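Okay, work-v2.csv is below, CSV, C-alpha atoms and all ligand atoms:
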```csv
chain,number,residue,atom,x,y,z
A,1,MET,CA,-38.4,40.5,33.8
A,2,LEU,CA,-35.0,39.1,34.4
A,3,LYS,CA,-34.8,35.4,34.6
A,4,SER,CA,-32.6,34.3,37.5
A,5,LYS,CA,-31.1,31.0,37.7
A,6,LEU,CA,-31.7,30.0,41.3
A,7,PHE,CA,-30.7,26.4,41.0
A,8,PRO,CA,-27.4,25.5,39.2
A,9,ASP,CA,-27.3,22.3,37.3
A,10,SER,CA,-27.3,19.6,39.9
A,11,VAL,CA,-24.5,17.1,40.3
A,12,TYR,CA,-25.6,13.7,41.5
A,13,LEU,CA,-23.3,11.1,43.0
A,14,LEU,CA,-24.7,7.7,42.6
A,15,PRO,CA,-24.1,5.2,45.3
A,16,GLY,CA,-22.9,1.7,44.4
A,17,ASP,CA,-20.7,0.6,41.6
A,18,ILE,CA,-19.2,3.4,39.7
A,19,GLN,CA,-18.5,2.6,36.1
A,20,MET,CA,-15.7,4.6,34.7
A,21,PRO,CA,-16.9,6.2,31.5
A,22,PHE,CA,-15.3,5.1,28.3
A,23,THR,CA,-12.6,7.5,27.0
A,24,CYS,CA,-10.5,6.6,23.9
A,25,ILE,CA,-6.8,6.4,24.7
A,26,TYR,CA,-5.9,7.9,21.4
A,27,CYS,CA,-8.3,10.8,20.7
A,28,SER,CA,-9.8,11.2,24.3
A,29,CYS,CA,-13.3,11.1,22.9
A,30,SER,CA,-16.1,9.8,25.1
A,31,GLU,CA,-18.9,7.3,24.5
A,32,SER,CA,-21.3,10.1,23.6
A,33,GLU,CA,-19.0,11.0,20.6
A,34,GLN,CA,-17.7,7.7,19.5
A,35,ARG,CA,-18.5,4.1,20.2
A,36,PRO,CA,-15.9,1.9,21.9
A,37,SER,CA,-14.6,-1.0,19.8
A,38,ASP,CA,-13.2,-4.5,20.2
A,39,ALA,CA,-9.5,-3.8,19.7
A,40,HIS,CA,-7.1,-6.8,19.7
A,41,ILE,CA,-3.8,-6.1,21.3
A,42,PHE,CA,-1.9,-8.3,18.9
A,43,PRO,CA,-3.8,-8.2,15.6
A,44,TYR,CA,-6.3,-11.0,15.2
A,45,ALA,CA,-4.9,-11.9,11.8
A,46,LEU,CA,-1.5,-12.6,13.4
A,47,GLY,CA,-3.2,-14.9,15.9
A,48,GLY,CA,-3.8,-12.3,18.5
A,49,VAL,CA,-6.0,-13.4,21.4
A,50,LEU,CA,-6.8,-10.7,24.0
A,51,SER,CA,-8.8,-7.7,23.1
A,52,THR,CA,-10.1,-4.7,25.0
A,53,THR,CA,-13.5,-3.2,24.7
A,54,GLU,CA,-13.0,-0.1,26.8
A,55,THR,CA,-9.9,1.6,25.5
A,56,VAL,CA,-10.1,2.4,21.8
A,57,CYS,CA,-12.9,4.1,19.9
A,58,LEU,CA,-14.3,2.7,16.7
A,59,LYS,CA,-12.9,5.5,14.6
A,60,CYS,CA,-9.3,5.2,16.0
A,61,ASN,CA,-9.5,1.4,15.7
A,62,GLN,CA,-10.5,1.6,12.1
A,63,HIS,CA,-7.6,4.1,11.5
A,64,ILE,CA,-5.2,1.7,13.1
A,65,ASN,CA,-6.5,-1.3,11.2
A,66,GLN,CA,-6.0,0.5,8.0
A,67,TYR,CA,-2.7,2.3,8.5
A,68,VAL,CA,-0.9,0.2,11.2
A,69,GLU,CA,-2.1,-3.4,11.0
A,70,ASN,CA,-3.0,-4.0,7.4
A,71,PRO,CA,0.4,-3.0,5.9
A,72,ILE,CA,2.0,-5.6,8.2
A,73,LEU,CA,-0.1,-8.5,7.2
A,74,ARG,CA,1.6,-8.9,3.8
A,75,SER,CA,5.0,-8.8,5.5
A,76,PHE,CA,4.1,-11.5,7.9
A,77,ALA,CA,2.2,-13.6,5.3
A,78,PHE,CA,5.0,-16.2,5.2
A,79,PHE,CA,4.9,-16.8,8.9
A,80,ARG,CA,1.1,-16.9,9.0
A,81,SER,CA,1.3,-19.5,6.3
A,82,VAL,CA,4.1,-21.7,7.8
A,83,TRP,CA,2.3,-21.8,11.2
A,84,GLY,CA,-1.2,-22.0,9.8
A,85,ILE,CA,-2.5,-18.8,11.4
A,86,ARG,CA,-5.9,-18.0,9.9
A,87,GLY,CA,-7.4,-14.6,9.7
A,88,ARG,CA,-11.1,-13.7,10.2
A,89,PHE,CA,-12.0,-15.1,6.8
A,90,ARG,CA,-10.0,-18.3,7.6
A,91,ASP,CA,-7.6,-17.2,4.9
A,92,VAL,CA,-4.1,-18.5,4.9
A,93,VAL,CA,-1.8,-16.8,2.4
A,94,ARG,CA,0.1,-19.0,0.0
A,95,VAL,CA,3.7,-18.1,-0.2
A,96,ARG,CA,6.2,-18.3,-3.0
A,97,ALA,CA,9.4,-20.2,-2.4
A,98,LYS,CA,12.4,-21.6,-4.2
A,99,LEU,CA,13.0,-25.3,-4.1
A,100,SER,CA,16.5,-26.7,-4.5
A,101,PHE,CA,16.8,-30.4,-5.2
A,102,ALA,CA,19.3,-32.5,-6.9
A,103,GLY,CA,21.1,-29.6,-8.5
A,104,MET,CA,17.9,-27.8,-9.7
A,105,THR,CA,16.1,-24.8,-8.5
A,106,LYS,CA,12.4,-24.3,-9.1
A,107,ASP,CA,9.8,-21.7,-8.1
A,108,VAL,CA,7.1,-23.3,-6.0
A,109,TRP,CA,4.2,-22.3,-3.8
A,110,LEU,CA,4.0,-23.3,-0.2
A,111,ASP,CA,0.7,-24.3,1.3
A,112,GLU,CA,-0.7,-23.4,4.7
A,113,HIS,CA,1.7,-25.8,6.4
A,114,GLY,CA,4.7,-24.4,4.6
A,115,GLU,CA,4.9,-27.4,2.4
A,116,ILE,CA,5.0,-27.5,-1.4
A,117,ASP,CA,1.5,-27.7,-2.7
A,118,SER,CA,2.1,-29.2,-6.2
A,119,VAL,CA,4.2,-31.9,-7.8
A,120,ILE,CA,7.7,-31.0,-9.0
A,121,ILE,CA,9.0,-33.0,-12.0
A,122,HIS,CA,12.7,-33.3,-12.5
A,123,LYS,CA,13.8,-34.8,-15.8
A,124,THR,CA,17.3,-36.1,-16.4
A,125,GLU,CA,19.0,-37.9,-19.3
A,126,ASP,CA,22.0,-40.2,-18.9
A,127,GLU,CA,24.8,-40.7,-21.5
A,128,GLY,CA,22.9,-43.6,-23.1
A,129,GLY,CA,19.9,-41.3,-23.7
A,130,LYS,CA,17.8,-42.9,-21.1
A,131,ILE,CA,15.3,-40.4,-19.6
A,132,SER,CA,14.4,-40.5,-15.9
A,133,TYR,CA,11.8,-38.5,-14.1
A,134,SER,CA,11.9,-37.8,-10.4
A,135,LEU,CA,8.7,-36.7,-8.8
A,136,PHE,CA,8.5,-34.8,-5.6
A,137,GLY,CA,5.7,-33.2,-3.7
A,138,PRO,CA,2.6,-34.2,-1.6
A,139,PRO,CA,2.3,-38.0,-1.7
A,140,GLU,CA,-1.3,-38.1,-3.0
A,141,LYS,CA,-0.5,-35.6,-5.7
A,142,VAL,CA,2.6,-37.5,-6.7
A,143,GLU,CA,0.6,-40.7,-7.0
A,144,ALA,CA,-2.0,-38.9,-9.2
A,145,LYS,CA,0.8,-37.5,-11.4
A,146,LYS,CA,2.4,-41.0,-11.8
A,147,LEU,CA,-0.9,-42.4,-12.9
A,148,GLU,CA,-1.4,-39.6,-15.4
A,149,MET,CA,2.1,-40.0,-16.9
A,150,SER,CA,1.7,-43.8,-17.0
A,151,THR,CA,-1.5,-43.5,-18.9
A,152,GLN,CA,0.1,-41.3,-21.5
A,153,ASN,CA,3.2,-43.4,-21.7
A,154,PRO,CA,2.6,-47.0,-20.6
A,155,SER,CA,6.2,-48.0,-21.0
A,156,ILE,CA,7.3,-45.9,-18.0
A,157,ARG,CA,8.5,-48.0,-15.1
A,158,TRP,CA,8.4,-46.4,-11.7
A,159,ILE,CA,11.1,-47.2,-9.1
A,160,ASP,CA,10.6,-46.1,-5.5
A,161,ARG,CA,13.8,-44.7,-4.4
A,162,ASP,CA,14.4,-43.9,-0.8
A,163,LEU,CA,16.2,-40.7,-0.3
A,164,HIS,CA,19.1,-42.3,1.5
A,165,GLY,CA,22.3,-40.8,0.4
A,166,ILE,CA,20.5,-38.0,-1.4
A,167,ALA,CA,20.3,-34.6,0.2
A,168,PRO,CA,16.7,-33.9,1.1
A,169,PRO,CA,15.2,-31.0,-0.9
A,170,GLU,CA,15.6,-27.7,0.7
A,171,SER,CA,13.0,-25.0,0.2
A,172,VAL,CA,13.9,-21.4,0.8
A,173,ALA,CA,11.0,-19.1,1.2
A,174,GLU,CA,11.3,-15.7,-0.2
A,175,PHE,CA,10.3,-13.2,2.3
A,176,SER,CA,11.5,-9.7,2.9
A,177,ILE,CA,10.4,-7.7,5.9
A,178,ASP,CA,11.3,-4.1,6.5
A,179,LEU,CA,12.3,-4.7,10.1
A,180,GLY,CA,13.3,-1.1,10.8
A,181,GLY,CA,10.5,0.4,8.8
A,182,LEU,CA,7.7,2.5,10.3
A,183,PRO,CA,4.9,0.0,10.0
A,184,LEU,CA,6.4,-2.7,12.3
A,185,ARG,CA,7.6,-0.1,14.8
A,186,ARG,CA,4.2,1.5,14.9
A,187,LEU,CA,2.5,-1.9,15.4
A,188,ALA,CA,4.9,-2.7,18.2
A,189,SER,CA,4.1,0.6,19.8
A,190,LYS,CA,0.4,0.1,19.4
A,191,VAL,CA,0.7,-3.4,21.1
A,192,ALA,CA,2.6,-1.9,24.1
A,193,PHE,CA,0.3,1.1,24.5
A,194,GLU,CA,-3.0,-0.8,24.3
A,195,ARG,CA,-1.7,-3.5,26.6
A,196,PHE,CA,-0.7,-0.9,29.2
A,197,ALA,CA,-4.2,0.7,28.8
A,198,GLN,CA,-5.8,-2.6,29.2
A,199,LEU,CA,-4.2,-3.1,32.6
A,200,ARG,CA,-6.3,0.0,33.6
A,201,PHE,CA,-3.4,2.3,34.1
A,202,PRO,CA,-4.4,5.9,33.4
A,203,VAL,CA,-3.1,6.8,29.9
A,204,LEU,CA,-5.0,10.0,29.2
A,205,SER,CA,-2.2,12.5,30.2
A,206,ALA,CA,-0.1,14.5,27.8
A,207,ASP,CA,2.9,12.4,28.7
A,208,PHE,CA,1.7,9.8,26.2
A,209,ASN,CA,1.2,12.3,23.3
A,210,GLU,CA,4.4,11.3,21.6
A,211,ILE,CA,3.6,7.6,21.5
A,212,ARG,CA,0.0,8.5,20.3
A,213,ARG,CA,1.3,10.6,17.5
A,214,PHE,CA,3.8,7.9,16.5
A,215,ILE,CA,1.1,5.1,16.4
A,216,LEU,CA,-1.5,7.2,14.7
A,217,HIS,CA,0.6,9.1,12.2
A,218,GLY,CA,4.1,7.7,12.2
A,219,ASP,CA,5.4,10.9,13.5
A,220,THR,CA,9.1,10.2,13.9
A,221,ASP,CA,10.3,13.3,15.9
A,222,GLY,CA,10.8,11.3,19.1
A,223,LYS,CA,12.6,7.9,19.2
A,224,CYS,CA,9.7,6.0,20.7
A,225,CYS,CA,10.4,2.6,19.2
A,226,GLY,CA,13.4,0.7,17.8
A,227,ILE,CA,14.8,-2.7,17.1
A,228,LEU,CA,16.0,-4.6,20.1
A,229,ILE,CA,19.3,-6.5,19.6
A,230,ASP,CA,20.7,-6.8,23.1
A,231,GLU,CA,21.8,-10.4,23.2
A,232,ARG,CA,21.6,-10.6,26.9
A,233,LEU,CA,17.9,-10.1,26.6
A,234,LEU,CA,17.3,-12.0,23.4
A,235,PHE,CA,19.0,-15.1,24.7
A,236,GLY,CA,18.0,-14.5,28.3
A,237,SER,CA,14.7,-13.5,29.9
A,238,PHE,CA,13.1,-12.5,26.6
A,239,ASN,CA,13.9,-15.6,24.6
A,240,PHE,CA,10.3,-16.4,23.7
A,241,GLN,CA,9.6,-19.5,21.7
A,242,PRO,CA,8.3,-19.2,18.2
A,243,PRO,CA,5.7,-18.6,17.1
A,244,SER,CA,4.5,-16.9,20.3
A,245,HIS,CA,3.9,-13.2,20.5
A,246,ALA,CA,4.9,-11.4,23.7
A,247,VAL,CA,4.7,-8.0,25.3
A,248,VAL,CA,6.5,-7.0,28.5
A,249,LEU,CA,5.8,-3.7,30.3
A,250,ILE,CA,8.5,-2.4,32.6
A,251,ALA,CA,8.6,0.5,35.0
A,252,HIS,CA,10.6,1.3,38.1
A,253,PRO,CA,10.3,4.2,40.6
A,254,LYS,CA,13.9,5.1,39.9
A,255,ASP,CA,13.4,5.5,36.2
A,256,THR,CA,11.4,8.1,34.4
A,257,VAL,CA,10.8,5.7,31.5
A,258,LEU,CA,7.8,3.6,31.1
A,259,GLY,CA,8.9,1.1,28.5
A,260,ALA,CA,8.0,-2.2,26.9
A,261,VAL,CA,9.5,-5.0,24.8
A,262,VAL,CA,7.3,-6.4,22.1
A,263,SER,CA,8.1,-9.6,20.2
A,264,PHE,CA,6.3,-10.9,17.1
A,265,PHE,CA,6.5,-14.7,16.6
A,266,GLY,CA,9.4,-14.8,19.1
A,267,LEU,CA,11.5,-13.7,16.1
A,268,PHE,CA,11.3,-9.9,15.8
A,269,TYR,CA,11.9,-7.8,18.8
A,270,TYR,CA,11.2,-4.1,19.5
A,271,TRP,CA,11.7,-1.8,22.4
A,272,VAL,CA,9.0,0.8,23.0
A,273,VAL,CA,9.2,3.9,25.2
A,274,LEU,CA,5.6,4.8,26.1
A,275,SER,CA,6.5,7.7,28.3
A,276,LYS,CA,9.7,9.5,29.3
A,277,ASN,CA,8.0,11.3,32.2
A,278,TYR,CA,6.5,8.4,34.1
A,279,ARG,CA,6.5,8.2,37.8
A,280,ALA,CA,5.9,4.6,38.9
A,281,LEU,CA,4.8,4.2,42.5
A,282,ALA,CA,6.2,0.7,42.6
A,283,ALA,CA,8.4,-1.4,40.4
A,284,PHE,CA,6.4,-3.6,38.1
A,285,ASP,CA,6.8,-5.8,35.0
A,286,ASP,CA,4.0,-7.5,33.3
A,287,LEU,CA,4.5,-10.2,30.7
A,288,LEU,CA,1.7,-11.3,28.3
A,289,ILE,CA,2.5,-14.2,26.0
A,290,GLU,CA,0.1,-15.3,23.2
A,291,ASP,CA,0.1,-18.5,21.3
A,292,PRO,CA,-1.2,-17.7,17.8
A,293,GLN,CA,-1.8,-21.3,16.8
A,294,LYS,CA,-3.8,-22.3,19.8
A,295,ARG,CA,-5.2,-18.8,20.3
A,296,GLU,CA,-4.3,-18.9,23.9
A,297,SER,CA,-2.8,-16.2,26.1
A,298,ASP,CA,-0.8,-16.6,29.2
A,299,ARG,CA,0.7,-14.3,31.9
A,300,PRO,CA,3.6,-16.1,33.4
A,301,LEU,CA,5.7,-14.0,35.7
A,302,LEU,CA,9.1,-13.1,34.5
A,303,ARG,CA,11.7,-14.6,36.8
A,304,GLY,CA,9.0,-15.7,39.1
A,305,GLN,CA,8.2,-12.3,40.6
A,306,THR,CA,7.0,-9.0,39.3
A,307,GLY,CA,9.0,-5.8,39.7
A,308,LYS,CA,12.3,-7.6,39.1
A,309,VAL,CA,12.9,-6.7,35.5
A,310,ARG,CA,14.8,-3.5,35.1
A,311,LEU,CA,16.4,-2.3,31.9
A,312,SER,CA,18.8,0.5,31.3
A,313,TRP,CA,16.8,2.3,28.7
A,314,PRO,CA,19.6,4.4,27.3
A,315,GLN,CA,21.6,1.3,26.7
A,316,VAL,CA,18.7,-0.6,25.2
A,317,MET,CA,17.8,2.3,22.8
A,318,GLU,CA,21.4,3.2,21.9
A,319,ALA,CA,22.1,0.6,19.2
A,320,TYR,CA,19.0,1.4,17.1
A,321,CYS,CA,19.2,5.2,17.7
A,322,ASN,CA,22.9,5.4,16.6
A,323,ASN,CA,22.8,3.0,13.7
A,324,PRO,CA,19.5,1.6,12.6
A,325,ALA,CA,20.9,-0.2,9.6
A,326,ASP,CA,23.2,-2.3,11.7
A,327,THR,CA,20.5,-3.3,14.0
A,328,VAL,CA,18.4,-4.5,11.0
A,329,THR,CA,21.2,-6.8,10.0
A,330,ALA,CA,21.7,-8.2,13.5
A,331,ALA,CA,17.9,-8.6,14.0
A,332,SER,CA,17.5,-10.5,10.7
A,333,ARG,CA,20.4,-12.8,11.6
A,334,TYR,CA,18.8,-13.5,14.9
A,335,ALA,CA,15.3,-14.1,13.4
A,336,THR,CA,16.6,-16.3,10.6
A,337,ARG,CA,18.6,-18.5,13.0
A,338,LYS,CA,15.8,-18.8,15.5
A,339,PHE,CA,13.2,-19.5,12.7
A,340,LYS,CA,15.3,-22.4,11.3
A,341,GLU,CA,15.8,-23.9,14.7
A,342,ALA,CA,12.0,-23.7,15.3
A,343,ILE,CA,11.2,-25.3,12.0
A,344,ASN,CA,13.8,-28.1,12.5
A,345,THR,CA,12.5,-29.0,15.9
A,346,GLY,CA,9.0,-29.1,14.4
A,347,THR,CA,7.4,-26.2,16.4
B,1,ZN,ZN,-10.4,7.5,19.4
```
Could I get this structure in the form of structure tokens?
Amino acid sequence: MLKSKLFPDSVYLLPGDIQMPFTCIYCSCSESEQRPSDAHIFPYALGGVLSTTETVCLKCNQHINQYVENPILRSFAFFRSVWGIRGRFRDVVRVRAKLSFAGMTKDVWLDEHGEIDSVIIHKTEDEGGKISYSLFGPPEKVEAKKLEMSTQNPSIRWIDRDLHGIAPPESVAEFSIDLGGLPLRRLASKVAFERFAQLRFPVLSADFNEIRRFILHGDTDGKCCGILIDERLLFGSFNFQPPSHAVVLIAHPKDTVLGAVVSFFGLFYYWVVLSKNYRALAAFDDLLIEDPQKRESDRPLLRGQTGKVRLSWPQVMEAYCNNPADTVTAASRYATRKFKEAINTGT
């Protein structure tokens, strides 16, 4: 006897709140295949605050942690150290630096406040053969060292000299960051894409395939992300104060580009093109600023009103696309100057 299927599988529409099912923005898997995860927009280890729980699956998040976020942490160790930004294990990386003082240069370690963590002893001898020691470092460690030296050699007389007339020691931290490299550009793209997804805009269409491939695999076919060096922006609307992180999403009905500007520590800036086929129904811009020291996030409106920021994307992208090496130089100059200003004003 033939079995006939009289009743097709029924579809029920439930009244009341409809919860959108979880779908991963990277691999499109659903909750039945993969668990959703707690994904920080800016990595937690860099002081990131906001996270999303309904956008990225556990598997993709682990992949991104391993291949996109972790490679960056070493590069940013210096800044995490200077600004005391602790990771999950409350770890602050010590950083190597060079200290120049009274004509000498020594290798030192900086502590989590960017200060020298041990005592530097500088020995000089005048024409008469008189030996002098200058001690420099954290006051309590200098005192301990003086005591130790005096015990070994009771004839030492210590003179407190104020530094008046002597150039204060200058420490130059050694850090090198590959500003134009794939890791930072992938991270900037991830920040922009996840922020956009967090705002609950649909991101599942194929229009976002290029940015997905770039984030997940570093696929460089398309120019999705580059260094931003446009001074009108860097010294204008986007002049974020160190050490804050920021991401601005921008779309306009007259553009087909959905883009973003991402800034790490207010020092390193990237433009990101999330989609080149985007049809915005209305102009919008959205700014998220995060303070990594206080672990606070803020959403001030750019220029007091949303939808006012409009960028000429070809112009913004041009410099990096035509000559990446030159933009690296310009970007390091900008970051170095801004960093020194921030440190001098005690930010
Ligand atoms: Zn996924």
Quiz item: Skipping near chain neighbours, those fewer than 2 positions away, what residues fall within 12 Å of A:Ala45 using all atoms listed in the file, listed as a count of residues only?
Solution: 32
Quiz item: Hey, what's within 8 Å of A:Ala39 if we count only C-alpha atoms and toss same-chain stuff fewer than 5 positions away? As a list of chain:residue names, please?
Solution: A:Ser51, A:Thr52, A:Thr53, A:Thr55, A:Val56, A:Asn61
Would you give me, as a Markdown table, each residue of stretch 180-239 of chain A having an atom within 12 Å of an atom of stretch 311-314 of chain A, along with its shortest atom pair and that distance in Å to one decimal, using only C-alpha atoms and sorting by chain and residue number?
```
| residue | atom | partner | partner_atom | distance |
| --- | --- | --- | --- | --- |
| A:Lys223 | CA | A:Pro314 | CA | 11.3 |
| A:Cys224 | CA | A:Trp313 | CA | 11.3 |
| A:Cys225 | CA | A:Trp313 | CA | 11.5 |
| A:Gly226 | CA | A:Trp313 | CA | 11.5 |
| A:Leu228 | CA | A:Trp313 | CA | 11.1 |
| A:Asp230 | CA | A:Leu311 | CA | 10.8 |
| A:Arg232 | CA | A:Leu311 | CA | 11.0 |
| A:Leu233 | CA | A:Leu311 | CA | 9.5 |
| A:Ser237 | CA | A:Leu311 | CA | 11.5 |
| A:Phe238 | CA | A:Leu311 | CA | 12.0 |
```
Exercise. Give the answer as one residue: which of A:Ser332, A:Asn239, A:Ser28, A:Ser189 has the shortest atom-to-atom distance to A:Val273, using all atoms listed in the file?
Key: A:Ser189
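With distances taken over only C-alpha atoms and all ligand atoms, A:Leu216 is the one residue among A:Ile120, A:Ala206, A:Ala282, A:Leu216 lying closest to ligand ZN 1 (chain B).
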Within 8 Å of ligand ZN 1 (chain B), which residues of chain A come that close, and what is the closest atom pair and distance in Å for each? Count all atoms listed in the file and give it as CSV.
```
residue,atom,partner,partner_atom,distance
A:Thr23,CA,B:ZN1,ZN,7.9
A:Cys24,CA,B:ZN1,ZN,4.6
A:Ile25,CA,B:ZN1,ZN,6.5
A:Tyr26,CA,B:ZN1,ZN,4.9
A:Cys27,CA,B:ZN1,ZN,4.1
A:Ser28,CA,B:ZN1,ZN,6.2
A:Cys29,CA,B:ZN1,ZN,5.8
A:Gln34,CA,B:ZN1,ZN,7.3
A:Val56,CA,B:ZN1,ZN,5.6
A:Cys57,CA,B:ZN1,ZN,4.2
A:Leu58,CA,B:ZN1,ZN,6.7
A:Lys59,CA,B:ZN1,ZN,5.8
A:Cys60,CA,B:ZN1,ZN,4.2
A:Asn61,CA,B:ZN1,ZN,7.2
```
Could you take the residues named above and write them with C-alpha atoms, as an mmCIF file, in the frame of the given file?
```cif
data_model
loop_
_atom_site.group_PDB
_atom_site.id
_atom_site.type_symbol
_atom_site.label_atom_id
_atom_site.label_comp_id
_atom_site.auth_asym_id
_atom_site.auth_seq_id
_atom_site.Cartn_x
_atom_site.Cartn_y
_atom_site.Cartn_z
ATOM 1 C CA THR A 23 -12.600 7.500 27.000
ATOM 2 C CA CYS A 24 -10.500 6.600 23.900
ATOM 3 C CA ILE A 25 -6.800 6.400 24.700
ATOM 4 C CA TYR A 26 -5.900 7.900 21.400
ATOM 5 C CA CYS A 27 -8.300 10.800 20.700
ATOM 6 C CA SER A 28 -9.800 11.200 24.300
ATOM 7 C CA CYS A 29 -13.300 11.100 22.900
ATOM 8 C CA GLN A 34 -17.700 7.700 19.500
ATOM 9 C CA VAL A 56 -10.100 2.400 21.800
ATOM 10 C CA CYS A 57 -12.900 4.100 19.900
ATOM 11 C CA LEU A 58 -14.300 2.700 16.700
ATOM 12 C CA LYS A 59 -12.900 5.500 14.600
ATOM 13 C CA CYS A 60 -9.300 5.200 16.000
ATOM 14 C CA ASN A 61 -9.500 1.400 15.700
#
```
Self-check item: Interatomic distance (Å, one decimal) between atom CA of A:Val191 and atom CA of A:Asn323
Solution: 24.2 Å
